[in-house]
Structures are given as structure tokens and as C-alpha cells.
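Just model25.pdb here, PDB, C-alpha atoms:
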ATOM      1  CA  GLN A 274      92.329  89.837  91.234
ATOM      2  CA  VAL A 275      92.649  92.382  93.995
ATOM      3  CA  GLN A 276      94.125  95.846  93.666
ATOM      4  CA  LEU A 277      95.662  97.558  96.697
ATOM      5  CA  VAL A 278      96.483 101.247  96.973
ATOM      6  CA  GLU A 279      98.298 102.688  99.987
ATOM      7  CA  SER A 280      98.276 106.294 101.149
ATOM      8  CA  GLY A 281      99.284 108.341 104.162
ATOM      9  CA  GLY A 282     103.034 107.969 104.226
ATOM     10  CA  GLY A 283     105.336 110.928 104.690
ATOM     11  CA  LEU A 284     107.921 112.619 106.833
ATOM     12  CA  VAL A 285     107.391 112.923 110.575
ATOM     13  CA  GLN A 286     109.453 113.773 113.616
ATOM     14  CA  ALA A 287     110.199 111.115 116.190
ATOM     15  CA  GLY A 288     107.374 110.899 118.697
ATOM     16  CA  GLY A 289     104.800 111.921 116.124
ATOM     17  CA  SER A 290     101.951 109.987 114.523
ATOM     18  CA  LEU A 291     100.850 108.932 111.076
ATOM     19  CA  ARG A 292      97.839 107.066 109.765
ATOM     20  CA  LEU A 293      98.240 104.824 106.751
ATOM     21  CA  SER A 294      95.322 103.711 104.616
ATOM     22  CA  CYS A 295      95.002 100.877 102.143
ATOM     23  CA  THR A 296      92.031 100.576  99.839
ATOM     24  CA  ALA A 297      91.326  97.202  98.286
ATOM     25  CA  SER A 298      89.205  96.799  95.187
ATOM     26  CA  GLY A 299      88.391  94.011  92.786
ATOM     27  CA  SER A 300      87.606  90.546  94.123
ATOM     28  CA  ILE A 301      87.518  91.671  97.749
ATOM     29  CA  PHE A 302      85.055  88.937  98.675
ATOM     30  CA  SER A 303      87.997  86.524  98.337
ATOM     31  CA  ILE A 304      90.132  88.280 100.975
ATOM     32  CA  ASN A 305      90.421  86.628 104.375
ATOM     33  CA  ALA A 306      93.292  88.663 105.774
ATOM     34  CA  MET A 307      95.106  91.914 105.159
ATOM     35  CA  GLY A 308      98.276  93.295 106.608
ATOM     36  CA  TRP A 309     100.970  95.934 106.705
ATOM     37  CA  TYR A 310     104.581  95.027 106.124
ATOM     38  CA  ARG A 311     107.653  97.231 106.348
ATOM     39  CA  GLN A 312     110.924  97.078 104.486
ATOM     40  CA  ALA A 313     113.712  99.244 105.808
ATOM     41  CA  PRO A 314     116.825  99.922 103.734
ATOM     42  CA  GLY A 315     119.046  96.860 103.723
ATOM     43  CA  ASN A 316     116.519  94.761 105.626
ATOM     44  CA  GLN A 317     114.031  92.093 104.719
ATOM     45  CA  ARG A 318     110.354  92.865 104.641
ATOM     46  CA  GLU A 319     108.726  92.204 108.017
ATOM     47  CA  LEU A 320     105.272  92.074 109.509
ATOM     48  CA  VAL A 321     104.026  95.268 111.118
ATOM     49  CA  ALA A 322     100.411  94.238 111.692
ATOM     50  CA  ALA A 323      97.757  92.029 110.145
ATOM     51  CA  ILE A 324      94.026  91.558 110.543
ATOM     52  CA  THR A 325      91.662  88.788 109.511
ATOM     53  CA  ARG A 326      88.113  88.870 108.254
ATOM     54  CA  GLY A 327      87.095  87.927 111.796
ATOM     55  CA  ASP A 328      89.142  90.850 113.218
ATOM     56  CA  ILE A 329      91.900  88.725 114.702
ATOM     57  CA  THR A 330      95.026  90.882 114.804
ATOM     58  CA  ASP A 331      98.754  90.174 114.796
ATOM     59  CA  TYR A 332     101.496  92.666 115.533
ATOM     60  CA  GLY A 333     105.217  92.628 114.979
ATOM     61  CA  GLU A 334     107.238  93.150 118.156
ATOM     62  CA  SER A 335     108.201  96.711 117.303
ATOM     63  CA  ALA A 336     104.577  97.689 116.657
ATOM     64  CA  LYS A 337     103.039  96.332 119.840
ATOM     65  CA  GLY A 338     101.670  99.041 122.089
ATOM     66  CA  ARG A 339     102.250 101.811 119.548
ATOM     67  CA  PHE A 340     100.428 100.832 116.347
ATOM     68  CA  THR A 341      96.818  99.845 115.791
ATOM     69  CA  ILE A 342      95.453  98.071 112.747
ATOM     70  CA  SER A 343      91.796  98.303 111.802
ATOM     71  CA  ARG A 344      89.582  97.810 108.804
ATOM     72  CA  ASP A 345      86.391  99.256 107.448
ATOM     73  CA  ASN A 346      83.963  97.286 105.363
ATOM     74  CA  ALA A 347      82.697 100.226 103.432
ATOM     75  CA  ARG A 348      79.116 100.691 102.444
ATOM     76  CA  ASP A 349      80.471 100.526  98.938
ATOM     77  CA  GLN A 350      80.724  96.778  98.616
ATOM     78  CA  ALA A 351      83.259  97.154  95.852
ATOM     79  CA  LYS A 352      85.949  98.447  98.256
ATOM     80  CA  ASN A 353      87.464  97.588 101.605
ATOM     81  CA  THR A 354      89.800  99.904 103.497
ATOM     82  CA  MET A 355      92.412  99.003 106.088
ATOM     83  CA  TYR A 356      94.196 101.454 108.374
ATOM     84  CA  LEU A 357      97.369 101.551 110.413
ATOM     85  CA  GLN A 358      97.478 104.157 113.154
ATOM     86  CA  MET A 359     101.108 104.681 114.133
ATOM     87  CA  ASN A 360     101.885 106.573 117.336
ATOM     88  CA  ARG A 361     105.126 107.425 119.135
ATOM     89  CA  LEU A 362     107.061 106.877 115.944
ATOM     90  CA  LYS A 363     110.780 106.151 116.129
ATOM     91  CA  PRO A 364     113.533 106.515 113.504
ATOM     92  CA  ASP A 365     113.649 102.687 113.343
ATOM     93  CA  ASP A 366     110.101 102.775 111.965
ATOM     94  CA  THR A 367     111.451 104.313 108.769
ATOM     95  CA  GLY A 368     110.837 102.254 105.665
ATOM     96  CA  VAL A 369     108.463 101.455 102.853
ATOM     97  CA  TYR A 370     105.149 100.214 104.156
ATOM     98  CA  TYR A 371     103.333  97.721 101.980
ATOM     99  CA  CYS A 372      99.713  96.740 102.136
ATOM    100  CA  ALA A 373      98.980  93.091 101.430
ATOM    101  CA  ALA A 374      95.939  90.849 101.157
ATOM    102  CA  ASP A 375      95.534  87.101 101.234
ATOM    103  CA  ARG A 376      92.814  84.686 100.207
ATOM    104  CA  ILE A 377      93.785  81.988 102.704
ATOM    105  CA  GLY A 378      94.794  84.174 105.641
ATOM    106  CA  THR A 379      96.339  81.634 108.003
ATOM    107  CA  ILE A 380      98.566  82.902 110.792
ATOM    108  CA  MET A 381     101.625  81.419 109.111
ATOM    109  CA  ARG A 382     100.911  83.313 105.937
ATOM    110  CA  ARG A 383     100.139  86.542 107.797
ATOM    111  CA  VAL A 384     103.218  86.436 110.012
ATOM    112  CA  GLY A 385     105.448  85.078 107.280
ATOM    113  CA  GLY A 386     104.347  87.595 104.705
ATOM    114  CA  SER A 387     103.162  84.968 102.229
ATOM    115  CA  MET A 388     100.296  87.075 100.976
ATOM    116  CA  ASP A 389      98.657  86.850  97.567
ATOM    117  CA  TYR A 390      98.422  90.529  96.678
ATOM    118  CA  TRP A 391     100.653  93.508  97.351
ATOM    119  CA  GLY A 392     100.423  97.242  96.936
ATOM    120  CA  LYS A 393     103.245  99.387  95.625
ATOM    121  CA  GLY A 394     104.131 100.738  99.049
ATOM    122  CA  THR A 395     104.225 104.109 100.760
ATOM    123  CA  LEU A 396     107.348 105.620 102.299
ATOM    124  CA  VAL A 397     107.449 106.573 105.953
ATOM    125  CA  THR A 398     110.444 108.570 107.149
ATOM    126  CA  VAL A 399     110.887 109.320 110.829
ATOM    127  CA  HIS A 400     113.455 111.981 111.662
ATOM    128  CA  PRO A 401     115.189 111.932 115.060
TER
END
Could I get this structure in the form of C-alpha cells?
Amino acid sequence: QVQLVESGGGLVQAGGSLRLSCTASGSIFSINAMGWYRQAPGNQRELVAAITRGDITDYGESAKGRFTISRDNARDQAKNTMYLQMNRLKPDDTGVYYCAADRIGTIMRRVGGSMDYWGKGTLVTVHP
């Protein structure tokens, strides 16, 4: 089992920046990909960005050029942290951001959101 805990959400003005963090613990050796997904009110959950163990990255269209995903294999081998740096935020970026992790990690699973483990989410609100 893998546990995921997100942090860093909040309220920001349009044009501002936020950095989200997700710390994974548990059976992290089994993780081959992690990602951020967003669910806006009334919408389906969608890919924001994903990253593989080999540092291959995928971005949703709205995130390209503004968001950067990265990960940190901590010295503490019991944890692994992933980040999402979000710049030039827009009101359309508002939503609950979920961290996810997957044991298989194929591009179809990353892009499609078919991940094995999910965090509880952190709310990002961008005011005009």
C-alpha cells in the first residue's frame, strides 16, 4: 500500500503562483509513475501533469508552459515527494488537485488517470 498526502493548496490571485507537494510513503518501491490531476466543479477529473520513475513527463494542455512537475527521491528511503510548480495561474485552474501514484505507470494509465493510489486532494482557488 502507498499513502499520499498533498499540501500547498490555497487561494491566489490570477497571475500568481503556487507550489503543491505530495509525499508518498509505504511501498514506494512499487511506484513507477506519479501525477497530479484536477477536478473542477461540475467537471471530470483530468490530467494536469505526470512523471515516471525515469523522469518522463506528461502535461495536460492547460498546464503546458505554465506548470512544472518534479520529484525528489528523498534521502529518507521511506518517502518520496512530488511537486507541482504552478505559475501564471488562471481562474480556470481552480479545482481540487489530487496526487496519484501507479505501479504500472504506462502512458495510457497516466494520461487516462487510471492510477492505483490517490490522495485526498488539496483545493486551489484562483480569483480573477
If you take every atom of stretch 369-376 of chain A that the file lists and fit an axis-aligned box around them with 6 Å extra on each side, what centre and edge lengths come out in Å to one decimal, as lines of an AutoDock Vina configuration file?
center_x = 100.6
center_y = 93.1
center_z = 102.2
size_x = 27.6
size_y = 28.8
size_z = 15.9
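With all atoms listed in the file as the atoms that count, the minimum distance from A:Leu291 to the choices A:Asn305, A:Arg326, A:Pro314, A:Thr367 is reached by A:Thr367.
Distances to A:Phe340 were evaluated for A:Arg383, A:Arg292, A:Lys352, A:His400 using all atoms listed in the file, and the minimum falls at A:Arg292.
Across the structure, atom CA of A:Gly281 and atom CA of A:Thr354 are spaced 12.7 Å apart.
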Could you tell me, as a ChimeraX atom specification, which residues have any atom at most 12 Å from (95.8, 101.0, 98.4), counting all atoms listed in the file?
/A:275-282,293-299,307-309,352-356,370-374,390-395
What would the file look like if the residues just selected were written as a tab-separated table (two decimals), in the coordinates of the input with C-alpha atoms?
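After the write, result.tsv holds the following:
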chain	number	residue	atom	x	y	z
A	275	VAL	CA	92.65	92.38	94.00
A	276	GLN	CA	94.12	95.85	93.67
A	277	LEU	CA	95.66	97.56	96.70
A	278	VAL	CA	96.48	101.25	96.97
A	279	GLU	CA	98.30	102.69	99.99
A	280	SER	CA	98.28	106.29	101.15
A	281	GLY	CA	99.28	108.34	104.16
A	282	GLY	CA	103.03	107.97	104.23
A	293	LEU	CA	98.24	104.82	106.75
A	294	SER	CA	95.32	103.71	104.62
A	295	CYS	CA	95.00	100.88	102.14
A	296	THR	CA	92.03	100.58	99.84
A	297	ALA	CA	91.33	97.20	98.29
A	298	SER	CA	89.20	96.80	95.19
A	299	GLY	CA	88.39	94.01	92.79
A	307	MET	CA	95.11	91.91	105.16
A	308	GLY	CA	98.28	93.30	106.61
A	309	TRP	CA	100.97	95.93	106.70
A	352	LYS	CA	85.95	98.45	98.26
A	353	ASN	CA	87.46	97.59	101.60
A	354	THR	CA	89.80	99.90	103.50
A	355	MET	CA	92.41	99.00	106.09
A	356	TYR	CA	94.20	101.45	108.37
A	370	TYR	CA	105.15	100.21	104.16
A	371	TYR	CA	103.33	97.72	101.98
A	372	CYS	CA	99.71	96.74	102.14
A	373	ALA	CA	98.98	93.09	101.43
A	374	ALA	CA	95.94	90.85	101.16
A	390	TYR	CA	98.42	90.53	96.68
A	391	TRP	CA	100.65	93.51	97.35
A	392	GLY	CA	100.42	97.24	96.94
A	393	LYS	CA	103.24	99.39	95.62
A	394	GLY	CA	104.13	100.74	99.05
A	395	THR	CA	104.22	104.11	100.76
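Of the residues under consideration (A:Ile301, A:Met381, A:Leu362, A:Val369), A:Met381 shows the shortest atom-to-atom contact distance to A:Ala323 when counting all atoms listed in the file.
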Given the file shown, determine the residues that the PyMOL selection byres ((chain A and resi 360) around 10) selects; report them as a PyMOL selection string.
chain A and resi 287-292+336+338-341+357-359+361-363
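With all atoms listed in the file as the basis for measurement, A:Gly368 is the residue among A:Gln286, A:Gly368, A:Val384, A:Ile304 that approaches A:Asn316 most closely.
As for atom CA of A:Met388 and atom CA of A:Leu284, they are spaced 27.3 Å apart.
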Excluding same-chain residues fewer than 3 positions from A:Thr325, what lies within 7 Å of it counting all atoms listed in the file, as a PDB file with C-alpha atoms, in the coordinates of the input?
ATOM      1  CA  ASN A 305      90.421  86.628 104.375  1.00  0.00           C
ATOM      2  CA  ALA A 306      93.292  88.663 105.774  1.00  0.00           C
ATOM      3  CA  MET A 307      95.106  91.914 105.159  1.00  0.00           C
ATOM      4  CA  ASP A 328      89.142  90.850 113.218  1.00  0.00           C
ATOM      5  CA  ILE A 329      91.900  88.725 114.702  1.00  0.00           C
ATOM      6  CA  THR A 330      95.026  90.882 114.804  1.00  0.00           C
ATOM      7  CA  GLY A 378      94.794  84.174 105.641  1.00  0.00           C
TER       8      GLY A 378
END
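The space separating atom CA of A:Val399 from atom CA of A:Asp345 comes to 26.7 Å.
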